[in-house]
>>> print(open('input.cif').read())   # mmCIF, C-alpha atoms
data_input
#
loop_
_atom_site.label_atom_id
_atom_site.label_comp_id
_atom_site.auth_asym_id
_atom_site.auth_seq_id
_atom_site.Cartn_x
_atom_site.Cartn_y
_atom_site.Cartn_z
CA MET A 1 0.00 0.00 0.00
CA SER A 2 1.41 3.38 -1.00
CA GLN A 3 0.03 5.31 1.94
CA LEU A 4 0.69 4.84 5.63
CA LEU A 5 -1.77 2.60 7.51
CA VAL A 6 -1.89 3.04 11.28
CA GLU A 7 -4.10 0.87 13.50
CA TYR A 8 -6.07 2.24 16.44
CA PRO A 9 -7.28 -0.94 18.17
CA HIS A 10 -9.53 0.87 20.65
CA THR A 11 -12.87 -0.90 21.05
CA ARG A 12 -15.24 -0.80 24.00
CA ASN A 13 -15.96 -4.51 23.91
CA GLY A 14 -16.64 -4.72 27.63
CA TRP A 15 -20.20 -3.57 26.93
CA CYS A 16 -21.21 -7.02 25.66
CA ALA A 17 -21.49 -10.18 27.73
CA ASN A 18 -20.42 -12.43 24.83
CA PRO A 19 -16.64 -12.90 24.85
CA LEU A 20 -14.51 -11.47 22.06
CA ALA A 21 -11.35 -13.25 20.97
CA ARG A 22 -8.92 -12.55 18.17
CA ALA A 23 -9.16 -15.16 15.41
CA ALA A 24 -6.38 -16.44 13.20
CA ASP A 25 -7.20 -13.77 10.59
CA GLY A 26 -6.62 -11.03 13.20
CA ILE A 27 -10.29 -10.05 13.53
CA LEU A 28 -12.01 -9.90 16.90
CA ARG A 29 -14.92 -12.36 16.86
CA TYR A 30 -17.71 -13.15 19.28
CA GLY A 31 -17.93 -16.54 20.93
CA ASN A 32 -21.17 -18.33 21.81
CA LEU A 33 -23.04 -17.15 18.71
CA THR A 34 -25.87 -19.31 17.41
CA PRO A 35 -25.08 -20.82 13.98
CA ALA A 36 -27.62 -18.61 12.22
CA LEU A 37 -29.93 -15.64 12.73
CA THR A 38 -33.02 -17.83 12.31
CA GLU A 39 -31.90 -20.05 15.20
CA LEU A 40 -31.47 -17.06 17.53
CA LEU A 41 -34.93 -15.78 16.59
CA ASP A 42 -36.44 -19.25 17.05
CA ILE A 43 -35.06 -19.39 20.59
CA GLN A 44 -36.55 -16.00 21.43
CA VAL A 45 -39.92 -16.92 19.93
CA HIS A 46 -40.19 -19.88 22.28
CA THR A 47 -38.94 -17.84 25.25
CA PHE A 48 -41.29 -14.89 24.73
CA ALA A 49 -44.13 -16.54 22.78
CA ALA A 50 -46.98 -14.54 24.36
CA ARG A 51 -45.27 -11.14 24.29
CA GLU A 52 -46.08 -8.58 21.62
CA ALA A 53 -43.37 -8.69 18.96
CA VAL A 54 -44.68 -6.09 16.48
CA VAL A 55 -47.24 -3.34 16.87
CA GLU A 56 -48.27 -1.37 13.80
CA ILE A 57 -50.16 1.75 14.81
CA GLY A 58 -53.50 1.53 13.03
CA GLY A 59 -52.72 -2.05 12.00
CA PRO A 60 -51.96 -5.51 13.39
CA ARG A 61 -50.55 -6.34 16.81
CA LEU A 62 -48.67 -9.64 16.74
CA THR A 63 -47.20 -11.74 19.51
CA TYR A 64 -43.96 -13.63 18.89
CA ARG A 65 -45.94 -16.83 18.37
CA GLU A 66 -48.28 -15.17 15.87
CA LEU A 67 -45.46 -13.44 13.99
CA TRP A 68 -43.39 -16.63 13.72
CA TYR A 69 -46.37 -18.67 12.53
CA ALA A 70 -47.29 -16.06 9.89
CA ALA A 71 -43.67 -15.89 8.69
CA SER A 72 -43.39 -19.68 8.50
CA ARG A 73 -46.57 -19.78 6.39
CA ILE A 74 -45.02 -17.23 4.00
CA ALA A 75 -41.89 -19.41 3.90
CA GLY A 76 -44.08 -22.38 3.03
CA GLY A 77 -45.74 -20.38 0.28
CA LEU A 78 -42.35 -19.42 -1.12
CA GLN A 79 -41.35 -23.08 -1.08
CA GLU A 80 -44.43 -23.88 -3.15
CA HIS A 81 -43.22 -21.29 -5.68
CA GLY A 82 -39.91 -23.13 -5.92
CA ILE A 83 -37.96 -20.78 -3.64
CA GLY A 84 -35.40 -22.40 -1.38
CA TYR A 85 -31.88 -22.31 -0.04
CA GLY A 86 -29.74 -19.51 -1.45
CA ASP A 87 -32.42 -17.99 -3.70
CA ARG A 88 -32.92 -14.22 -3.63
CA VAL A 89 -36.22 -12.80 -2.39
CA ALA A 90 -36.69 -9.03 -2.65
CA VAL A 91 -38.77 -7.32 0.04
CA ARG A 92 -40.31 -4.11 -1.26
CA MET A 93 -43.18 -3.09 0.95
CA PRO A 94 -44.25 -0.13 3.10
CA VAL A 95 -43.24 -0.06 6.75
CA GLY A 96 -45.59 -2.17 8.81
CA ALA A 97 -46.21 -5.57 10.36
CA ARG A 98 -46.53 -7.15 6.91
CA TRP A 99 -43.01 -5.98 6.04
CA VAL A 100 -41.69 -7.80 9.12
CA GLN A 101 -43.69 -10.92 8.23
CA ALA A 102 -42.37 -10.87 4.66
CA PHE A 103 -38.76 -10.33 5.74
CA LEU A 104 -38.87 -13.17 8.26
CA GLY A 105 -40.73 -15.37 5.78
CA ALA A 106 -37.92 -14.94 3.26
CA LEU A 107 -35.37 -15.84 5.94
CA LEU A 108 -37.27 -18.92 7.08
CA SER A 109 -37.60 -20.19 3.51
CA GLY A 110 -33.82 -20.49 3.33
CA ALA A 111 -33.59 -17.64 0.84
CA VAL A 112 -31.53 -14.45 1.10
CA PRO A 113 -33.72 -11.36 1.62
CA VAL A 114 -32.88 -8.41 -0.64
CA LEU A 115 -33.94 -5.14 0.98
CA VAL A 116 -35.50 -2.70 -1.48
CA HIS A 117 -36.61 0.65 -0.06
CA ASP A 118 -40.29 1.27 -0.75
CA GLY A 119 -39.57 4.92 -1.57
CA LEU A 120 -37.24 4.13 -4.46
CA PRO A 121 -38.51 5.12 -7.92
CA ASP A 122 -39.62 2.11 -9.91
CA ALA A 123 -36.64 2.28 -12.27
CA ALA A 124 -34.12 2.36 -9.40
CA ALA A 125 -35.91 -0.46 -7.59
CA GLU A 126 -35.91 -2.58 -10.74
CA ARG A 127 -32.16 -2.05 -11.10
CA VAL A 128 -31.62 -3.36 -7.58
CA ILE A 129 -33.95 -6.31 -8.12
CA HIS A 130 -32.22 -7.17 -11.40
CA ASP A 131 -28.69 -6.74 -10.04
CA ALA A 132 -29.44 -9.03 -7.09
CA CYS A 133 -30.57 -11.80 -9.50
CA THR A 134 -33.85 -11.87 -7.59
CA ASP A 135 -35.94 -15.02 -7.86
CA PHE A 136 -39.10 -13.67 -6.20
CA VAL A 137 -40.44 -10.27 -5.14
CA LEU A 138 -42.51 -9.84 -1.99
CA ASP A 139 -44.48 -6.66 -2.57
CA GLY A 140 -47.85 -7.65 -1.14
CA GLY A 141 -49.43 -7.96 -4.57
CA GLY A 142 -47.58 -5.27 -6.47
CA ARG A 143 -47.69 -1.49 -6.50
CA ALA A 144 -50.72 -1.40 -8.75
CA ALA A 145 -52.64 -3.40 -6.17
CA GLY A 146 -51.73 -0.98 -3.40
CA TYR A 147 -49.99 -3.75 -1.48
CA ALA A 148 -53.39 -5.12 -0.44
CA GLU A 149 -52.95 -8.59 -1.94
CA ALA A 150 -52.03 -11.57 0.20
CA LEU A 151 -48.45 -12.68 0.63
CA PRO A 152 -47.50 -16.26 -0.36
CA ASP A 153 -49.11 -18.79 1.95
CA GLY A 154 -48.47 -22.47 2.46
CA ALA A 155 -47.82 -25.12 5.06
CA ALA A 156 -45.56 -23.76 7.82
CA PHE A 157 -41.90 -24.24 6.91
CA ILE A 158 -38.57 -23.34 8.55
CA ASP A 159 -35.19 -23.94 6.92
CA ASP A 160 -32.60 -24.25 9.70
CA GLY A 161 -29.55 -25.36 7.72
CA ALA A 162 -27.57 -22.10 7.65
CA SER A 163 -24.16 -21.45 9.23
CA LEU A 164 -22.22 -18.41 10.44
CA GLY A 165 -20.28 -17.83 7.23
CA GLU A 166 -23.24 -18.07 4.88
CA LEU A 167 -24.89 -15.10 3.22
CA ALA A 168 -27.98 -14.03 5.18
CA LEU A 169 -28.94 -10.59 3.84
CA LEU A 170 -28.28 -8.40 0.80
CA CYS A 171 -28.48 -4.62 1.37
CA TYR A 172 -27.79 -1.96 -1.24
CA THR A 173 -25.80 1.17 -0.56
CA THR A 174 -25.28 4.28 -2.69
CA MET A 175 -21.63 4.67 -3.65
CA GLY A 176 -21.81 8.41 -4.37
CA PRO A 177 -23.21 10.90 -6.91
CA GLY A 178 -23.48 9.19 -10.28
CA ALA A 179 -21.86 6.00 -9.01
CA GLY A 180 -25.05 4.00 -8.56
CA SER A 181 -25.53 1.46 -5.77
CA ARG A 182 -23.80 -1.77 -4.82
CA GLY A 183 -25.08 -4.86 -3.09
CA VAL A 184 -23.49 -5.46 0.31
CA GLU A 185 -23.31 -9.09 1.41
CA LEU A 186 -24.00 -9.60 5.12
CA THR A 187 -23.43 -13.05 6.59
CA ASN A 188 -25.07 -14.64 9.61
CA GLU A 189 -21.95 -13.79 11.60
CA ASN A 190 -22.15 -10.14 10.49
CA LEU A 191 -25.79 -9.87 11.61
CA LEU A 192 -25.38 -11.78 14.88
CA SER A 193 -22.26 -9.79 15.77
CA ALA A 194 -24.03 -6.49 15.09
CA ILE A 195 -26.96 -7.61 17.23
CA CYS A 196 -24.66 -8.58 20.10
CA SER A 197 -22.78 -5.27 19.84
CA VAL A 198 -25.96 -3.15 19.89
CA VAL A 199 -27.57 -5.12 22.73
CA GLY A 200 -24.39 -4.72 24.77
CA ALA A 201 -23.66 -1.08 23.93
CA LEU A 202 -27.22 0.12 24.57
CA GLU A 203 -27.67 -2.31 27.47
CA LEU A 204 -31.04 -3.39 26.11
CA PRO A 205 -33.14 -5.07 28.81
CA THR A 206 -35.02 -8.36 28.46
CA ASP A 207 -37.98 -7.30 30.61
CA GLY A 208 -40.22 -6.06 27.81
CA LEU A 209 -38.48 -3.19 25.96
CA ARG A 210 -40.86 -1.26 23.69
CA ASN A 211 -38.94 0.37 20.82
CA LEU A 212 -40.61 3.03 18.66
CA LEU A 213 -38.70 2.39 15.45
CA LEU A 214 -38.83 5.32 13.01
CA LEU A 215 -35.85 4.26 10.89
CA PRO A 216 -36.39 2.72 7.42
CA LEU A 217 -36.68 -1.05 7.76
CA ALA A 218 -35.06 -1.51 4.34
CA HIS A 219 -31.78 -0.02 5.63
CA ALA A 220 -29.19 -1.73 7.82
CA SER A 221 -29.70 0.93 10.51
CA GLY A 222 -33.37 0.03 10.86
CA CYS A 223 -33.39 -3.71 10.18
CA VAL A 224 -30.03 -4.92 11.53
CA ASP A 225 -29.39 -2.39 14.30
CA GLN A 226 -32.89 -1.87 15.73
CA LEU A 227 -35.45 -4.45 14.59
CA LEU A 228 -33.27 -7.52 15.14
CA PRO A 229 -31.66 -6.44 18.46
CA THR A 230 -35.14 -5.65 19.81
CA PHE A 231 -36.28 -9.17 18.88
CA ALA A 232 -33.06 -10.59 20.36
CA VAL A 233 -34.07 -9.34 23.83
CA GLY A 234 -37.75 -10.25 23.47
CA GLY A 235 -38.81 -6.63 23.02
CA THR A 236 -41.67 -5.06 21.08
CA VAL A 237 -41.08 -3.12 17.85
CA VAL A 238 -43.63 -0.33 17.46
CA LEU A 239 -44.04 0.95 13.90
CA ALA A 240 -45.73 4.24 13.03
CA PRO A 241 -46.42 4.72 9.32
CA ASP A 242 -47.94 8.10 10.24
CA ARG A 243 -45.25 10.01 12.13
CA SER A 244 -47.64 12.80 13.09
CA ALA A 245 -49.05 10.39 15.68
CA VAL A 246 -45.70 10.03 17.49
CA PRO A 247 -46.58 12.24 20.52
CA GLU A 248 -49.68 10.15 21.28
CA ILE A 249 -47.86 6.87 20.59
CA LEU A 250 -45.11 7.65 23.10
CA VAL A 251 -47.62 7.66 25.93
CA ALA A 252 -50.28 5.23 24.71
CA GLU A 253 -47.78 2.49 23.80
CA ARG A 254 -45.59 2.97 26.90
CA ILE A 255 -42.49 3.50 24.75
CA ASP A 256 -39.11 2.86 26.40
CA MET A 257 -36.87 3.62 23.41
CA VAL A 258 -37.06 5.79 20.29
CA ALA A 259 -34.81 5.29 17.25
CA ALA A 260 -34.58 7.60 14.23
CA THR A 261 -32.14 9.59 12.11
CA PRO A 262 -31.26 13.21 12.98
CA ARG A 263 -33.28 14.31 9.96
CA ILE A 264 -36.37 12.40 11.11
CA PHE A 265 -36.02 13.83 14.62
CA ALA A 266 -35.73 17.32 13.12
CA GLY A 267 -38.99 16.79 11.24
CA LEU A 268 -40.71 15.83 14.50
CA LEU A 269 -39.68 18.98 16.39
CA PRO A 270 -42.97 20.89 15.83
CA ASP A 271 -44.97 17.94 17.17
CA LEU A 272 -42.65 17.29 20.11
CA ALA A 273 -42.27 20.90 21.27
CA GLY A 274 -43.51 21.34 24.83
CA LEU A 275 -43.91 17.60 25.41
CA ARG A 276 -42.27 15.77 28.33
CA VAL A 277 -42.10 11.96 28.37
CA ASP A 278 -40.35 10.61 31.45
CA GLN A 279 -40.72 6.88 30.82
CA VAL A 280 -38.48 6.81 27.70
CA ARG A 281 -35.07 5.47 28.74
CA GLN A 282 -33.18 5.38 25.42
CA VAL A 283 -33.07 7.75 22.45
CA CYS A 284 -30.95 6.41 19.60
CA SER A 285 -29.97 8.58 16.63
CA ALA A 286 -28.47 6.80 13.61
CA GLY A 287 -26.23 9.19 11.65
CA HIS A 288 -24.27 8.85 8.43
CA ARG A 289 -21.76 10.88 6.44
CA ALA A 290 -24.13 12.50 3.94
CA GLU A 291 -26.42 13.73 6.70
CA LEU A 292 -23.56 15.05 8.83
CA ALA A 293 -22.17 16.99 5.88
CA VAL A 294 -25.37 18.96 5.23
CA THR A 295 -26.59 19.40 8.79
CA ASP A 296 -26.69 23.00 9.91
CA PRO A 297 -25.02 23.32 13.34
CA ALA A 298 -27.82 25.50 14.70
CA ALA A 299 -30.44 23.00 13.52
CA ALA A 300 -28.47 20.12 15.03
CA GLU A 301 -28.30 21.93 18.37
CA ALA A 302 -32.06 22.61 18.26
CA VAL A 303 -32.70 18.89 17.78
CA SER A 304 -30.39 17.98 20.67
CA VAL A 305 -31.96 20.51 23.04
CA THR A 306 -35.50 19.46 22.15
CA LEU A 307 -34.74 15.76 22.61
CA ARG A 308 -33.18 16.40 26.02
CA ASN A 309 -36.22 18.45 27.07
CA VAL A 310 -38.79 15.96 25.76
CA PHE A 311 -36.97 12.89 27.13
CA PRO A 312 -35.25 14.21 30.28
CA GLU A 313 -34.68 10.74 31.78
CA ALA A 314 -33.38 9.14 28.58
CA ARG A 315 -29.87 8.08 27.69
CA GLN A 316 -29.17 9.89 24.40
CA TRP A 317 -27.09 7.91 21.93
CA SER A 318 -25.75 8.51 18.44
CA VAL A 319 -24.62 5.50 16.43
CA TRP A 320 -22.57 5.84 13.25
CA GLY A 321 -21.85 3.20 10.67
CA ALA A 322 -22.11 2.15 7.03
CA THR A 323 -24.08 -0.57 5.32
CA GLU A 324 -20.75 -2.34 4.87
CA THR A 325 -20.30 -2.42 8.67
CA SER A 326 -23.86 -3.67 9.27
CA GLY A 327 -24.84 -0.09 10.13
CA ILE A 328 -22.75 0.08 13.32
CA GLY A 329 -19.17 0.86 14.28
CA LEU A 330 -19.00 4.05 16.36
CA ALA A 331 -21.17 5.37 19.18
CA ARG A 332 -21.28 8.45 21.36
CA ASP A 333 -23.25 9.37 24.46
CA ASP A 334 -25.03 12.68 23.92
CA THR A 335 -26.64 12.97 27.35
CA ALA A 336 -26.44 16.19 29.28
CA ALA A 337 -24.56 14.31 31.99
CA ASN A 338 -21.65 14.04 29.56
CA GLY A 339 -21.59 17.72 28.81
CA GLY A 340 -24.47 17.92 26.39
CA ASP A 341 -24.02 17.80 22.62
CA PRO A 342 -20.35 17.09 21.86
CA GLY A 343 -20.47 18.74 18.44
CA ARG A 344 -21.57 17.36 15.11
CA ASP A 345 -17.99 16.50 14.16
CA VAL A 346 -17.76 13.85 16.92
CA LEU A 347 -18.61 10.39 15.56
CA GLY A 348 -17.79 8.49 18.74
CA PHE A 349 -15.82 5.49 19.96
CA ALA A 350 -15.54 2.07 18.33
CA PHE A 351 -17.63 -0.53 20.12
CA GLY A 352 -18.35 -4.23 19.98
CA GLY A 353 -15.73 -5.99 17.89
CA THR A 354 -15.05 -3.00 15.64
CA GLU A 355 -11.44 -1.87 15.34
CA LEU A 356 -10.16 1.22 13.56
CA ALA A 357 -7.24 2.27 11.40
CA LEU A 358 -6.23 5.43 9.55
CA CYS A 359 -4.87 5.51 6.03
CA GLY A 360 -2.95 8.39 4.48
CA PRO A 361 0.25 10.41 4.75
CA ASP A 362 -0.77 11.88 8.14
CA ALA A 363 -2.06 8.65 9.65
CA ASP A 364 0.72 8.52 12.23
CA ALA A 365 -0.37 12.00 13.41
CA GLY A 366 -3.96 10.80 13.91
CA HIS A 367 -5.50 12.14 10.68
CA GLY A 368 -6.62 10.26 7.57
CA GLU A 369 -9.23 8.06 5.99
CA LEU A 370 -11.12 5.92 8.50
CA LEU A 371 -10.85 2.16 8.06
CA CYS A 372 -12.86 -0.43 10.02
CA ARG A 373 -12.65 -4.15 10.54
CA GLY A 374 -14.62 -6.50 12.76
CA PRO A 375 -17.08 -9.40 12.80
CA ASN A 376 -19.81 -7.03 11.62
CA VAL A 377 -17.95 -5.93 8.44
CA THR A 378 -19.06 -7.38 5.11
CA PRO A 379 -16.64 -9.77 3.41
CA ARG A 380 -17.42 -8.40 -0.06
CA TYR A 381 -19.77 -6.61 -2.43
CA TRP A 382 -22.18 -8.78 -4.36
CA ASN A 383 -20.91 -9.74 -7.82
CA ASP A 384 -18.40 -6.85 -7.86
CA PRO A 385 -14.82 -7.96 -7.24
CA GLN A 386 -13.42 -4.69 -8.60
CA THR A 387 -15.25 -2.54 -6.01
CA THR A 388 -14.41 -5.06 -3.30
CA GLU A 389 -10.72 -4.81 -4.16
CA SER A 390 -10.81 -1.00 -4.24
CA ARG A 391 -12.59 -0.64 -0.88
CA PHE A 392 -10.67 -3.22 1.15
CA THR A 393 -7.07 -3.52 2.29
CA GLY A 394 -6.98 -7.06 3.60
CA SER A 395 -9.79 -7.19 6.15
CA TRP A 396 -9.87 -3.38 6.53
CA PHE A 397 -12.86 -1.59 4.96
CA HIS A 398 -12.19 1.92 3.59
CA THR A 399 -15.12 4.08 4.72
CA GLY A 400 -14.16 7.12 2.63
CA ASN A 401 -14.49 9.35 5.71
CA GLN A 402 -11.67 11.73 6.56
CA VAL A 403 -11.34 11.79 10.35
CA SER A 404 -9.03 12.29 13.29
CA ILE A 405 -8.57 9.83 16.15
CA ASP A 406 -7.21 10.98 19.51
CA ALA A 407 -5.22 9.00 22.05
CA ASP A 408 -8.43 7.77 23.75
CA GLY A 409 -9.86 6.44 20.48
CA LEU A 410 -12.42 9.24 19.98
CA VAL A 411 -13.19 9.70 16.28
CA ARG A 412 -13.97 13.13 14.85
CA GLN A 413 -15.26 13.80 11.36
CA ALA A 414 -13.14 16.17 9.28
CA LEU A 415 -15.69 18.82 8.30
CA VAL A 416 -15.67 20.43 4.88
CA HIS A 417 -14.34 23.77 6.06
CA GLU A 418 -11.49 22.06 7.89
CA SER A 419 -10.44 20.25 4.72
CA ALA A 420 -10.55 23.49 2.77
CA LEU A 421 -8.33 25.19 5.31
CA ALA A 422 -5.88 22.31 5.13
CA GLU A 423 -5.58 22.82 1.38
#
>>> encode(input="input.cif", output="structure tokens")
Amino acid sequence: MSQLLVEYPHTRNGWCANPLARAADGILRYGNLTPALTELLDIQVHTFAAREAVVEIGGPRLTYRELWYAASRIAGGLQEHGIGYGDRVAVRMPVGARWVQAFLGALLSGAVPVLVHDGLPDAAAERVIHDACTDFVLDGGGRAAGYAEALPDGAAFIDDGASLGELALLCYTTMGPGAGSRGVELTNENLLSAICSVVGALELPTDGLRNLLLLPLAHASGCVDQLLPTFAVGGTVVLAPDRSAVPEILVAERIDMVAATPRIFAGLLPDLAGLRVDQVRQVCSAGHRAELAVTDPAAAEAVSVTLRNVFPEARQWSVWGATETSGIGLARDDTAANGGDPGRDVLGFAFGGTELALCGPDADAGHGELLCRGPNVTPRYWNDPQTTESRFTGSWFHTGNQVSIDADGLVRQALVHESALAE
């Protein structure tokens, strides 16, 4: 490699009960993982069968038993359509309980779910579906039918033959203006490691957590980092297709945790102003580079102040990551107890099994491109060896973010004006 690579092996792995050990390839990996995501979920279904798993405001309320049975029937229906192990099943549906049923049904059939955001224009969605070599599309009957048609239905079926290294999920990420999108392969180990890291970092309880999930389910931040960890602790995912109802939902549904992006939180400010909700214990904000770059500092501060006023008893968290890192990697505590908002340039500390490195001529001085590796990092892009080669140095993933890392492992984003000054 022509540029200096300096490792910063700071990771707050003590947050998770599962042990981390360095494998022969140098990557920290969790022990005691189940062989596959479906097996972990199956265990939780039997442990928390009568608890609510999914609540769609204005729609169905499903216990774990009901959700699992519905998903297994969809898996059976997919089997009757010839879908099985390793096939690709696209999920393109609006946020709701049926999305969760369809996603789990694809998993239980033995297929690989392909997440397609419902808001994508038809042409862009078709490109994703085609690129993924999709064998079946779960769209609830198609867009023309308004998603009202039934999903596949058959005799209950569960494929339990997967292993840690096998592909479990295909997510698409935008590579930049004019560069299109690429499929990111996430294995069972990637997903299970991300779940373990989030559960440990956020200290999610197993006594009935109720998570108001406002993040897109078709993104890693919503599906991998919020939906699945909530299920992993037997919690309830509350979905609100109509965000204007959020103030009422917080109280009526006894919400313990709220998860959204900074932009979504900003859009909720008029509805949240003057509200105080003491029972919420966690507020999780999922940020990413594009949003950080365009966020006005004054607007960001207004969001932080409002969230602290509305949820005075809550632990305020920001989690940063990329699709390639299963949506996680860095976290920061934004609570007033830690001095309030630390500034929009602060991305946080590595957590779970994530380790960091810097690449570039100033890497030894703590400045350069941020690289990540860990059990949550994708092994490759789907059907794109050239992009895989360009974005990886060994097991290190090049995020494309210019940052600084201090002696304690705190990562700060290099803001645009700072880069301009450096030039």
>>> residues_around(input="input.cif", residues="Ala102 (chain A)", least_positions_apart="3", cutoff="9 Å", atoms="all atoms listed in the file", output="PyMOL selection string")
chain A and resi 70-71+74-75+91+93+97-99+105-107+138-140+151-152
>>> closest_atom_pairs(input="input.cif", of="region 162-213 of chain A", to="region 22-38 of chain A", cutoff="7 Å", atoms="only C-alpha atoms", output="CSV")
residue,atom,partner,partner_atom,distance
A:Ala162,CA,A:Ala36,CA,5.8
A:Ser163,CA,A:Pro35,CA,4.9
A:Leu164,CA,A:Pro35,CA,5.1
A:Asn188,CA,A:Ala36,CA,5.4
A:Leu192,CA,A:Leu37,CA,6.3
A:Ser193,CA,A:Tyr30,CA,6.7
>>> closest_residue(input="input.cif", among="A:Ala300, A:Ser197, A:Ala363, A:Glu389", to="Val319 (chain A)", atoms="only C-alpha atoms")
A:Ser197
>>> resolve_selection(input="input.cif", expression="the PyMOL selection byres ((chain A and resi 358) around 12)", output="PyMOL selection string")
chain A and resi 3-9+355-357+359-373+393+396-406+409+411
>>> closest_residue(input="input.cif", among="A:Val251, A:Ala302, A:Cys133, A:Val184", to="Leu268 (chain A)", atoms="only C-alpha atoms")
A:Ala302
>>> resolve_selection(input="input.cif", expression="the PyMOL selection byres ((chain A and resi 244) around 12)", output="count of residues only")
20
>>> atom_distance(input="input.cif", atom1="CA of Thr388 (chain A)", atom2="CA of Leu186 (chain A)")
13.5 Å
>>> resolve_selection(input="input.cif", expression="the PyMOL selection byres ((chain A and resi 321) around 12)", output="PDB file with C-alpha atoms, in the coordinates of the input")
ATOM      1  CA  ALA A 194     -24.030  -6.490  15.090  1.00  0.00           C
ATOM      2  CA  VAL A 198     -25.960  -3.150  19.890  1.00  0.00           C
ATOM      3  CA  HIS A 219     -31.780  -0.020   5.630  1.00  0.00           C
ATOM      4  CA  ALA A 220     -29.190  -1.730   7.820  1.00  0.00           C
ATOM      5  CA  SER A 221     -29.700   0.930  10.510  1.00  0.00           C
ATOM      6  CA  GLY A 222     -33.370   0.030  10.860  1.00  0.00           C
ATOM      7  CA  VAL A 224     -30.030  -4.920  11.530  1.00  0.00           C
ATOM      8  CA  ASP A 225     -29.390  -2.390  14.300  1.00  0.00           C
ATOM      9  CA  SER A 285     -29.970   8.580  16.630  1.00  0.00           C
ATOM     10  CA  ALA A 286     -28.470   6.800  13.610  1.00  0.00           C
ATOM     11  CA  GLY A 287     -26.230   9.190  11.650  1.00  0.00           C
ATOM     12  CA  HIS A 288     -24.270   8.850   8.430  1.00  0.00           C
ATOM     13  CA  ARG A 289     -21.760  10.880   6.440  1.00  0.00           C
ATOM     14  CA  ALA A 290     -24.130  12.500   3.940  1.00  0.00           C
ATOM     15  CA  SER A 318     -25.750   8.510  18.440  1.00  0.00           C
ATOM     16  CA  VAL A 319     -24.620   5.500  16.430  1.00  0.00           C
ATOM     17  CA  TRP A 320     -22.570   5.840  13.250  1.00  0.00           C
ATOM     18  CA  ALA A 322     -22.110   2.150   7.030  1.00  0.00           C
ATOM     19  CA  THR A 323     -24.080  -0.570   5.320  1.00  0.00           C
ATOM     20  CA  GLU A 324     -20.750  -2.340   4.870  1.00  0.00           C
ATOM     21  CA  THR A 325     -20.300  -2.420   8.670  1.00  0.00           C
ATOM     22  CA  SER A 326     -23.860  -3.670   9.270  1.00  0.00           C
ATOM     23  CA  GLY A 327     -24.840  -0.090  10.130  1.00  0.00           C
ATOM     24  CA  ILE A 328     -22.750   0.080  13.320  1.00  0.00           C
ATOM     25  CA  GLY A 329     -19.170   0.860  14.280  1.00  0.00           C
ATOM     26  CA  LEU A 330     -19.000   4.050  16.360  1.00  0.00           C
ATOM     27  CA  ALA A 331     -21.170   5.370  19.180  1.00  0.00           C
ATOM     28  CA  ARG A 332     -21.280   8.450  21.360  1.00  0.00           C
ATOM     29  CA  LEU A 347     -18.610  10.390  15.560  1.00  0.00           C
ATOM     30  CA  GLY A 348     -17.790   8.490  18.740  1.00  0.00           C
ATOM     31  CA  PHE A 349     -15.820   5.490  19.960  1.00  0.00           C
ATOM     32  CA  ALA A 350     -15.540   2.070  18.330  1.00  0.00           C
ATOM     33  CA  PHE A 351     -17.630  -0.530  20.120  1.00  0.00           C
ATOM     34  CA  THR A 354     -15.050  -3.000  15.640  1.00  0.00           C
ATOM     35  CA  LEU A 370     -11.120   5.920   8.500  1.00  0.00           C
ATOM     36  CA  LEU A 371     -10.850   2.160   8.060  1.00  0.00           C
ATOM     37  CA  CYS A 372     -12.860  -0.430  10.020  1.00  0.00           C
ATOM     38  CA  ARG A 373     -12.650  -4.150  10.540  1.00  0.00           C
ATOM     39  CA  ASN A 376     -19.810  -7.030  11.620  1.00  0.00           C
ATOM     40  CA  VAL A 377     -17.950  -5.930   8.440  1.00  0.00           C
ATOM     41  CA  PHE A 397     -12.860  -1.590   4.960  1.00  0.00           C
ATOM     42  CA  THR A 399     -15.120   4.080   4.720  1.00  0.00           C
ATOM     43  CA  GLY A 400     -14.160   7.120   2.630  1.00  0.00           C
ATOM     44  CA  ASN A 401     -14.490   9.350   5.710  1.00  0.00           C
TER      45      ASN A 401
END
>>> axis_aligned_box(input="input.cif", around="region 368-386 of chain A", padding_each_side="5 Å", output="JSON")
{"center_x": -14.4, "center_y": 0.2, "center_z": 2.1, "size_x": 25.6, "size_y": 30.0, "size_z": 31.4}
>>> atom_distance(input="input.cif", atom1="CA of Leu169 (chain A)", atom2="CA of Gly76 (chain A)")
19.2 Å
>>> atom_distance(input="input.cif", atom1="CA of Arg88 (chain A)", atom2="CA of Gln226 (chain A)")
23.0 Å
>>> residues_around(input="input.cif", residues="Cys196 (chain A)", least_positions_apart="4", cutoff="9 Å", atoms="all atoms listed in the file", output="ChimeraX atom specification")
/A:16-18,30,33,191-192,200-201,229,232,352
>>> closest_residue(input="input.cif", among="A:Thr378, A:Thr63, A:Ser109, A:Gln316", to="Gly165 (chain A)", atoms="all atoms listed in the file")
A:Thr378
